[in-house]
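Data from protein.cif: mmCIF, C-alpha atoms
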data_run
loop_
_atom_site.group_PDB
_atom_site.id
_atom_site.type_symbol
_atom_site.label_atom_id
_atom_site.label_comp_id
_atom_site.auth_asym_id
_atom_site.auth_seq_id
_atom_site.Cartn_x
_atom_site.Cartn_y
_atom_site.Cartn_z
ATOM 1 C CA MET C 293 18.414 19.192 -33.074
ATOM 2 C CA SER C 294 18.081 15.457 -32.342
ATOM 3 C CA ASN C 295 15.311 13.985 -30.197
ATOM 4 C CA SER C 296 17.950 13.135 -27.580
ATOM 5 C CA SER C 297 19.163 16.741 -27.475
ATOM 6 C CA LEU C 298 15.603 17.991 -27.190
ATOM 7 C CA LEU C 299 14.994 15.665 -24.248
ATOM 8 C CA LYS C 300 18.158 16.785 -22.483
ATOM 9 C CA THR C 301 17.218 20.428 -23.053
ATOM 10 C CA ALA C 302 13.728 19.842 -21.674
ATOM 11 C CA LEU C 303 15.103 18.081 -18.599
ATOM 12 C CA LEU C 304 17.607 20.882 -18.011
ATOM 13 C CA ALA C 305 14.867 23.483 -18.322
ATOM 14 C CA GLY C 306 12.757 21.559 -15.828
ATOM 15 C CA SER C 307 15.641 21.450 -13.362
ATOM 16 C CA LEU C 308 16.238 25.184 -13.688
ATOM 17 C CA LEU C 309 12.545 25.971 -13.310
ATOM 18 C CA PHE C 310 11.682 23.695 -10.417
ATOM 19 C CA GLY C 311 15.024 23.258 -8.677
ATOM 20 C CA THR C 312 16.517 19.950 -7.547
ATOM 21 C CA ALA C 313 15.833 17.657 -4.637
ATOM 22 C CA GLY C 314 19.404 18.048 -3.447
ATOM 23 C CA ALA C 315 18.855 21.750 -2.859
ATOM 24 C CA THR C 316 16.150 21.110 -0.257
ATOM 25 C CA VAL C 317 17.386 18.004 1.543
ATOM 26 C CA GLY C 318 17.040 18.538 5.277
ATOM 27 C CA GLU C 319 18.922 17.127 8.215
ATOM 28 C CA GLU C 320 18.388 13.433 8.953
ATOM 29 C CA ALA C 321 17.300 14.180 12.521
ATOM 30 C CA ASP C 322 14.552 16.486 11.255
ATOM 31 C CA ALA C 323 13.344 13.846 8.809
ATOM 32 C CA ARG C 324 13.219 11.177 11.511
ATOM 33 C CA LYS C 325 11.282 13.524 13.780
ATOM 34 C CA ILE C 326 8.629 13.984 11.077
ATOM 35 C CA LEU C 327 8.461 10.225 10.489
ATOM 36 C CA VAL C 328 8.119 9.482 14.192
ATOM 37 C CA SER C 329 5.293 12.019 14.507
ATOM 38 C CA MET C 330 3.389 10.216 11.760
ATOM 39 C CA THR C 331 3.910 6.727 13.191
ATOM 40 C CA GLU C 332 2.938 7.839 16.695
ATOM 41 C CA TYR C 333 -0.169 9.640 15.431
ATOM 42 C CA VAL C 334 -1.440 6.703 13.353
ATOM 43 C CA SER C 335 -0.660 4.169 16.088
ATOM 44 C CA SER C 336 -2.510 6.279 18.671
ATOM 45 C CA LEU C 337 -5.833 6.180 16.839
ATOM 46 C CA ASP C 338 -8.412 3.731 18.170
ATOM 47 C CA ALA C 339 -10.288 3.841 14.872
ATOM 48 C CA LEU C 340 -9.691 5.234 11.405
ATOM 49 C CA SER C 341 -10.908 4.974 7.831
ATOM 50 C CA PHE C 342 -9.835 6.171 4.412
ATOM 51 C CA ASP C 343 -10.231 5.625 0.696
ATOM 52 C CA PHE C 344 -7.245 4.860 -1.485
ATOM 53 C CA GLU C 345 -5.984 4.771 -5.051
ATOM 54 C CA GLU C 346 -3.408 2.073 -5.650
ATOM 55 C CA TYR C 347 -0.942 1.573 -8.484
ATOM 56 C CA HIS C 348 1.588 -1.219 -8.744
ATOM 57 C CA GLU C 349 3.913 -2.221 -11.522
ATOM 58 C CA ILE C 350 4.913 -5.638 -12.805
ATOM 59 C CA VAL C 351 7.771 -6.559 -15.119
ATOM 60 C CA THR C 352 6.920 -8.979 -17.923
ATOM 61 C CA GLY C 353 9.121 -11.819 -19.103
ATOM 62 C CA ASP C 354 10.292 -9.753 -22.066
ATOM 63 C CA GLY C 355 11.274 -6.812 -19.874
ATOM 64 C CA GLU C 356 8.254 -4.522 -20.239
ATOM 65 C CA ARG C 357 7.116 -2.583 -17.161
ATOM 66 C CA LEU C 358 3.312 -2.417 -16.869
ATOM 67 C CA GLY C 359 1.091 -0.799 -14.264
ATOM 68 C CA LEU C 360 -2.136 -1.979 -12.647
ATOM 69 C CA ALA C 361 -4.519 0.465 -10.964
ATOM 70 C CA ALA C 362 -7.069 -0.171 -8.218
ATOM 71 C CA SER C 363 -9.315 1.727 -5.816
ATOM 72 C CA GLY C 364 -10.553 0.787 -2.399
ATOM 73 C CA SER C 365 -11.391 1.666 1.176
ATOM 74 C CA VAL C 366 -10.204 0.715 4.648
ATOM 75 C CA ALA C 367 -12.006 0.738 8.000
ATOM 76 C CA LEU C 368 -10.021 -0.172 11.127
ATOM 77 C CA VAL C 369 -10.792 -0.460 14.840
ATOM 78 C CA ARG C 370 -7.943 -1.347 17.165
ATOM 79 C CA PRO C 371 -6.809 -3.732 18.338
ATOM 80 C CA ASP C 372 -8.382 -6.411 16.184
ATOM 81 C CA LYS C 373 -10.822 -5.290 13.477
ATOM 82 C CA ILE C 374 -10.338 -4.327 9.858
ATOM 83 C CA ARG C 375 -12.190 -4.354 6.555
ATOM 84 C CA VAL C 376 -10.530 -3.685 3.210
ATOM 85 C CA LEU C 377 -12.547 -3.372 -0.003
ATOM 86 C CA ARG C 378 -10.547 -3.305 -3.246
ATOM 87 C CA ARG C 379 -11.728 -2.890 -6.848
ATOM 88 C CA THR C 380 -9.269 -3.651 -9.645
ATOM 89 C CA GLY C 381 -11.327 -3.755 -12.838
ATOM 90 C CA TYR C 382 -10.844 -7.504 -13.184
ATOM 91 C CA THR C 383 -12.135 -8.474 -9.735
ATOM 92 C CA ASP C 384 -13.564 -7.023 -6.536
ATOM 93 C CA THR C 385 -12.172 -8.347 -3.256
ATOM 94 C CA ASP C 386 -13.292 -7.976 0.336
ATOM 95 C CA LEU C 387 -11.144 -8.738 3.381
ATOM 96 C CA ALA C 388 -12.760 -8.635 6.820
ATOM 97 C CA PHE C 389 -11.369 -9.545 10.238
ATOM 98 C CA ASP C 390 -13.181 -9.342 13.576
ATOM 99 C CA GLY C 391 -10.456 -10.516 15.945
ATOM 100 C CA GLN C 392 -11.481 -14.164 15.625
ATOM 101 C CA THR C 393 -12.128 -14.940 11.983
ATOM 102 C CA LEU C 394 -10.679 -13.803 8.670
ATOM 103 C CA SER C 395 -13.273 -13.588 5.880
ATOM 104 C CA LEU C 396 -12.287 -13.196 2.228
ATOM 105 C CA THR C 397 -14.452 -12.704 -0.857
ATOM 106 C CA ASP C 398 -13.431 -12.598 -4.526
ATOM 107 C CA SER C 399 -16.625 -11.683 -6.342
ATOM 108 C CA ASP C 400 -15.457 -12.319 -9.904
ATOM 109 C CA ALA C 401 -13.939 -15.701 -9.074
ATOM 110 C CA GLY C 402 -17.049 -16.489 -7.016
ATOM 111 C CA LEU C 403 -15.033 -17.559 -3.965
ATOM 112 C CA PHE C 404 -15.517 -17.044 -0.239
ATOM 113 C CA ALA C 405 -13.313 -18.264 2.623
ATOM 114 C CA ARG C 406 -13.474 -18.188 6.409
ATOM 115 C CA HIS C 407 -10.392 -18.921 8.463
ATOM 116 C CA ALA C 408 -10.109 -19.016 12.251
ATOM 117 C CA LEU C 409 -7.330 -16.624 13.228
ATOM 118 C CA PRO C 410 -7.834 -15.256 16.747
ATOM 119 C CA GLY C 411 -5.564 -12.370 17.595
ATOM 120 C CA THR C 412 -4.797 -8.743 16.963
ATOM 121 C CA LEU C 413 -4.436 -6.780 13.761
ATOM 122 C CA ASP C 414 -0.653 -7.083 14.047
ATOM 123 C CA HIS C 415 -1.008 -10.873 14.244
ATOM 124 C CA LEU C 416 -3.213 -10.864 11.148
ATOM 125 C CA ILE C 417 -0.688 -8.814 9.169
ATOM 126 C CA ASP C 418 2.217 -11.026 10.227
ATOM 127 C CA THR C 419 0.307 -14.244 9.439
ATOM 128 C CA LEU C 420 -0.784 -13.125 5.979
ATOM 129 C CA ARG C 421 2.773 -12.063 5.142
ATOM 130 C CA ASP C 422 4.763 -14.900 6.724
ATOM 131 C CA ASP C 423 2.462 -17.928 6.385
ATOM 132 C CA PHE C 424 0.623 -17.143 3.160
ATOM 133 C CA ALA C 425 2.993 -14.737 1.341
ATOM 134 C CA LYS C 426 0.077 -12.290 1.019
ATOM 135 C CA PRO C 427 1.125 -8.929 2.504
ATOM 136 C CA LEU C 428 -1.796 -6.727 3.467
ATOM 137 C CA PRO C 429 -1.718 -3.632 1.235
ATOM 138 C CA ALA C 430 -0.520 -0.524 3.074
ATOM 139 C CA ALA C 431 0.200 -2.415 6.293
ATOM 140 C CA ASP C 432 2.846 0.173 7.196
ATOM 141 C CA LEU C 433 0.284 2.948 6.867
ATOM 142 C CA LEU C 434 -2.275 1.121 8.989
ATOM 143 C CA THR C 435 0.051 0.300 11.850
ATOM 144 C CA GLY C 436 2.258 3.366 11.852
ATOM 145 C CA GLY C 437 5.136 1.699 10.041
ATOM 146 C CA GLY C 438 5.898 -1.276 12.256
ATOM 147 C CA HIS C 439 5.702 -4.048 9.655
ATOM 148 C CA GLY C 440 8.932 -4.115 7.761
ATOM 149 C CA GLY C 441 9.294 -0.758 6.084
ATOM 150 C CA LEU C 442 9.131 2.661 7.595
ATOM 151 C CA THR C 443 10.530 1.916 11.045
ATOM 152 C CA ALA C 444 13.074 -0.671 9.935
ATOM 153 C CA PRO C 445 16.715 0.488 10.080
ATOM 154 C CA THR C 446 17.544 2.387 6.921
ATOM 155 C CA ALA C 447 20.825 3.428 5.384
ATOM 156 C CA GLU C 448 19.630 6.988 5.060
ATOM 157 C CA ILE C 449 16.581 9.213 5.384
ATOM 158 C CA LYS C 450 16.086 12.618 3.798
ATOM 159 C CA ASP C 451 13.654 15.478 4.205
ATOM 160 C CA LEU C 452 12.885 16.601 0.638
ATOM 161 C CA GLY C 453 10.836 19.608 1.662
ATOM 162 C CA VAL C 454 7.161 20.215 0.998
ATOM 163 C CA GLY C 455 4.930 18.606 -1.620
ATOM 164 C CA VAL C 456 1.205 18.873 -2.301
ATOM 165 C CA VAL C 457 -0.965 15.738 -2.564
ATOM 166 C CA SER C 458 -4.641 16.218 -3.433
ATOM 167 C CA GLY C 459 -4.418 19.810 -2.234
ATOM 168 C CA MET C 460 -2.832 18.873 1.111
ATOM 169 C CA HIS C 461 0.568 20.338 1.977
ATOM 170 C CA CYS C 462 2.826 17.485 3.024
ATOM 171 C CA ASP C 463 6.329 16.853 4.311
ATOM 172 C CA HIS C 464 8.108 14.733 1.706
ATOM 173 C CA LEU C 465 10.554 12.130 3.048
ATOM 174 C CA ALA C 466 12.800 9.650 1.242
ATOM 175 C CA LEU C 467 14.180 6.506 2.883
ATOM 176 C CA ARG C 468 16.648 4.002 1.472
ATOM 177 C CA GLY C 469 16.675 0.430 2.779
ATOM 178 C CA GLU C 470 18.680 -2.608 1.757
ATOM 179 C CA GLU C 471 16.302 -3.735 -0.987
ATOM 180 C CA ALA C 472 13.939 -0.857 -1.619
ATOM 181 C CA ASP C 473 13.611 2.919 -1.737
ATOM 182 C CA TRP C 474 10.668 4.491 0.072
ATOM 183 C CA GLN C 475 9.018 7.860 -0.317
ATOM 184 C CA ILE C 476 6.225 9.147 1.867
ATOM 185 C CA TRP C 477 4.250 12.388 1.907
ATOM 186 C CA ILE C 478 2.931 13.218 5.404
ATOM 187 C CA ALA C 479 0.200 15.805 5.993
ATOM 188 C CA GLN C 480 1.349 18.876 7.857
ATOM 189 C CA GLY C 481 -0.548 20.034 10.936
ATOM 190 C CA ASP C 482 -2.109 18.332 13.939
ATOM 191 C CA ALA C 483 -3.069 15.174 12.032
ATOM 192 C CA PRO C 484 0.130 13.980 10.309
ATOM 193 C CA TYR C 485 -1.405 11.129 8.357
ATOM 194 C CA PRO C 486 0.269 9.506 5.326
ATOM 195 C CA CYS C 487 -1.070 11.080 2.125
ATOM 196 C CA MET C 488 1.000 9.094 -0.377
ATOM 197 C CA PHE C 489 3.464 6.273 -0.214
ATOM 198 C CA ILE C 490 5.804 4.871 -2.910
ATOM 199 C CA ILE C 491 8.043 1.803 -2.724
ATOM 200 C CA THR C 492 10.637 1.201 -5.448
ATOM 201 C CA SER C 493 12.063 -2.336 -5.573
ATOM 202 C CA ARG C 494 15.742 -1.949 -6.426
ATOM 203 C CA ASN C 495 16.498 -5.686 -6.460
ATOM 204 C CA ILE C 496 14.023 -6.388 -9.307
ATOM 205 C CA PRO C 497 14.976 -5.557 -12.913
ATOM 206 C CA LEU C 498 13.572 -2.185 -14.068
ATOM 207 C CA ALA C 499 12.828 -1.248 -10.437
ATOM 208 C CA PRO C 500 9.003 -1.551 -10.415
ATOM 209 C CA GLN C 501 7.052 0.650 -8.021
ATOM 210 C CA TYR C 502 4.084 0.310 -5.710
ATOM 211 C CA ARG C 503 2.136 3.480 -4.914
ATOM 212 C CA ILE C 504 -0.858 4.208 -2.725
ATOM 213 C CA GLU C 505 -2.564 7.574 -2.397
ATOM 214 C CA VAL C 506 -4.878 8.219 0.550
ATOM 215 C CA HIS C 507 -8.113 10.217 0.382
ATOM 216 C CA ASN C 508 -10.885 11.052 2.860
ATOM 217 C CA TRP C 509 -8.816 10.238 5.933
ATOM 218 C CA GLN C 510 -11.054 10.049 9.008
ATOM 219 C CA ALA C 511 -9.905 9.556 12.582
ATOM 220 C CA GLY C 512 -12.649 8.383 14.900
ATOM 221 C CA PRO C 513 -15.558 5.922 15.032
ATOM 222 C CA VAL C 514 -16.249 3.916 11.884
ATOM 223 C CA GLU C 515 -19.259 1.962 10.691
ATOM 224 C CA ALA C 516 -18.331 -1.368 9.113
ATOM 225 C CA ASP C 517 -19.334 -5.028 9.243
ATOM 226 C CA PHE C 518 -16.204 -6.932 10.250
ATOM 227 C CA ALA C 519 -17.879 -10.363 10.004
ATOM 228 C CA PRO C 520 -19.790 -10.360 6.685
ATOM 229 C CA GLU C 521 -21.983 -13.230 5.553
ATOM 230 C CA LYS C 522 -21.089 -15.365 2.552
ATOM 231 C CA PRO C 523 -22.497 -13.850 -0.661
ATOM 232 C CA ALA C 524 -25.279 -16.006 -2.086
ATOM 233 C CA ALA C 525 -23.487 -16.455 -5.416
ATOM 234 C CA ALA C 526 -20.120 -17.419 -3.919
ATOM 235 C CA THR C 527 -18.728 -20.871 -3.215
ATOM 236 C CA GLU C 528 -17.170 -21.325 0.221
ATOM 237 C CA VAL C 529 -13.729 -22.918 0.127
ATOM 238 C CA ALA C 530 -10.745 -23.395 2.409
ATOM 239 C CA LEU C 531 -8.348 -20.472 2.713
ATOM 240 C CA ALA C 532 -5.597 -22.284 0.774
ATOM 241 C CA ASP C 533 -8.011 -22.975 -2.107
ATOM 242 C CA TYR C 534 -9.214 -19.375 -2.022
ATOM 243 C CA LEU C 535 -5.682 -18.027 -2.311
ATOM 244 C CA LYS C 536 -4.973 -20.465 -5.123
ATOM 245 C CA GLY C 537 -8.092 -19.466 -7.069
ATOM 246 C CA ALA C 538 -8.179 -15.729 -6.377
ATOM 247 C CA ARG C 539 -7.215 -13.460 -9.256
ATOM 248 C CA ASN C 540 -3.939 -11.667 -8.624
ATOM 249 C CA LEU C 541 -3.583 -10.481 -12.238
ATOM 250 C CA PRO C 542 -6.003 -9.710 -15.079
ATOM 251 C CA PRO C 543 -6.647 -12.817 -17.224
ATOM 252 C CA ASN C 544 -4.934 -11.257 -20.265
ATOM 253 C CA PHE C 545 -1.727 -10.815 -18.212
ATOM 254 C CA ILE C 546 -1.395 -14.556 -17.541
ATOM 255 C CA VAL C 547 0.577 -16.607 -20.058
ATOM 256 C CA GLU C 548 0.059 -20.352 -20.021
ATOM 257 C CA VAL C 549 3.344 -22.232 -20.141
ATOM 258 C CA GLU C 550 3.318 -25.421 -22.198
ATOM 259 C CA LYS C 551 4.510 -28.495 -20.307
#
Just give me the structure as structure tokens.
Amino acid sequence: MSNSSLLKTALLAGSLLFGTAGATVGEEADARKILVSMTEYVSSLDALSFDFEEYHEIVTGDGERLGLAASGSVALVRPDKIRVLRRTGYTDTDLAFDGQTLSLTDSDAGLFARHALPGTLDHLIDTLRDDFAKPLPAADLLTGGGHGGLTAPTAEIKDLGVGVVSGMHCDHLALRGEEADWQIWIAQGDAPYPCMFIITSRNIPLAPQYRIEVHNWQAGPVEADFAPEKPAAATEVALADYLKGARNLPPNFIVEVEK
């Protein structure tokens, strides 16, 4: 039997053993009800914190799809405070906002920036996305879905039944927008927080994905410094220079183009 036949047989066996998504797709109204319960719950919290595992894919110039993994933590106090720590293996970054000032640190690049940005958390998210083309990771999870994804009009939404994420039974939803497919796993029970979130970019060749998995979700008071001091070893620069010098990819992923 050829390798192709073996693969088809294995896939068929998997379908027979585990069933298919189409067999458990629920009514759209039920799916929207679950989604609304999550967005209302997250938006209602005055404070929350969680750890996360993040995985996002890039497509190289020669058509290879590669994944980058990171870990981090989030602490948030509404309406205007957040701190996001993120470790990637090639740099550690720290974003802090206290309602008046945005502070950013890239430890490996040795950069620190302060930028006056009075306003709410929603204003911060919009400014980073629209003015600096730097979307805040998991903004839809932090705000209950109001920043361009989960609550935007979608062509369709499905309830795919129940899945288990890190031991937590979750409602599994699939949404299809104009440019991307979304999947979200929402914890069942009185605290319907987002356990996992996947975005698939359909308008990019090979459809790369972004995934974030949430751990240690806590609703309630948090302890965090939202206005950290400049690290002694860092050089303070303007926000534009920080964004230009910060490491978005590992050094070995960057190819210098000859001019």
Would you mind listing what lies within 10 Å of C:Pro427 as a VMD selection string, with all atoms listed in the file counted and same-chain residues fewer than 3 positions away left out?
chain C and resid 416 to 424 430 to 431 439
Go ahead and write the residues just picked, C-alpha atoms, as an mmCIF file, keeping the file's coordinate frame.
data_model
loop_
_atom_site.group_PDB
_atom_site.id
_atom_site.type_symbol
_atom_site.label_atom_id
_atom_site.label_comp_id
_atom_site.auth_asym_id
_atom_site.auth_seq_id
_atom_site.Cartn_x
_atom_site.Cartn_y
_atom_site.Cartn_z
ATOM 1 C CA LEU C 416 -3.213 -10.864 11.148
ATOM 2 C CA ILE C 417 -0.688 -8.814 9.169
ATOM 3 C CA ASP C 418 2.217 -11.026 10.227
ATOM 4 C CA THR C 419 0.307 -14.244 9.439
ATOM 5 C CA LEU C 420 -0.784 -13.125 5.979
ATOM 6 C CA ARG C 421 2.773 -12.063 5.142
ATOM 7 C CA ASP C 422 4.763 -14.900 6.724
ATOM 8 C CA ASP C 423 2.462 -17.928 6.385
ATOM 9 C CA PHE C 424 0.623 -17.143 3.160
ATOM 10 C CA ALA C 430 -0.520 -0.524 3.074
ATOM 11 C CA ALA C 431 0.200 -2.415 6.293
ATOM 12 C CA HIS C 439 5.702 -4.048 9.655
#
Which residues fall under the PyMOL selection byres ((chain C and resi 413) around 8) in this file, as a list in words?
Arg370, Pro371, Asp372, Lys373, Ile374, Gly391, Gly411, Thr412, Asp414, His415, Leu416 and Ile417 of chain C
Once the PyMOL selection byres ((chain C and resi 341-343) around 8) is applied to the coordinates I shared, what remains selected? I want it as a ChimeraX atom specification.
/C:339-340,344-345,363-368,506-511,514
Size and centre in Å, one decimal, axis-aligned box, all listed stretch 515-531 of chain C atoms plus 6 Å per side, as AutoDock Vina command-line options:
--center_x -16.8 --center_y -10.7 --center_z 2.6 --size_x 28.9 --size_y 37.4 --size_z 28.1
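Closest to C:Thr393 among C:Gly453, C:Gly353, C:Pro520, C:Pro543 is C:Pro520, based on all atoms listed in the file.
Residues matching the PyMOL selection byres ((chain C and resi 467) around 7) in this structure come to C:Thr446, C:Glu448, C:Ile449, C:Lys450, C:Leu465, C:Ala466, C:Arg468, C:Gly469, C:Asp473, C:Trp474, C:Gln475.
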Please, what distance in Å, to one decimal, runs between atom CA of C:Leu377 and atom CA of C:Arg406?
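Value for the atom CA of C:Leu377-atom CA of C:Arg406 distance: 16.2 Å.
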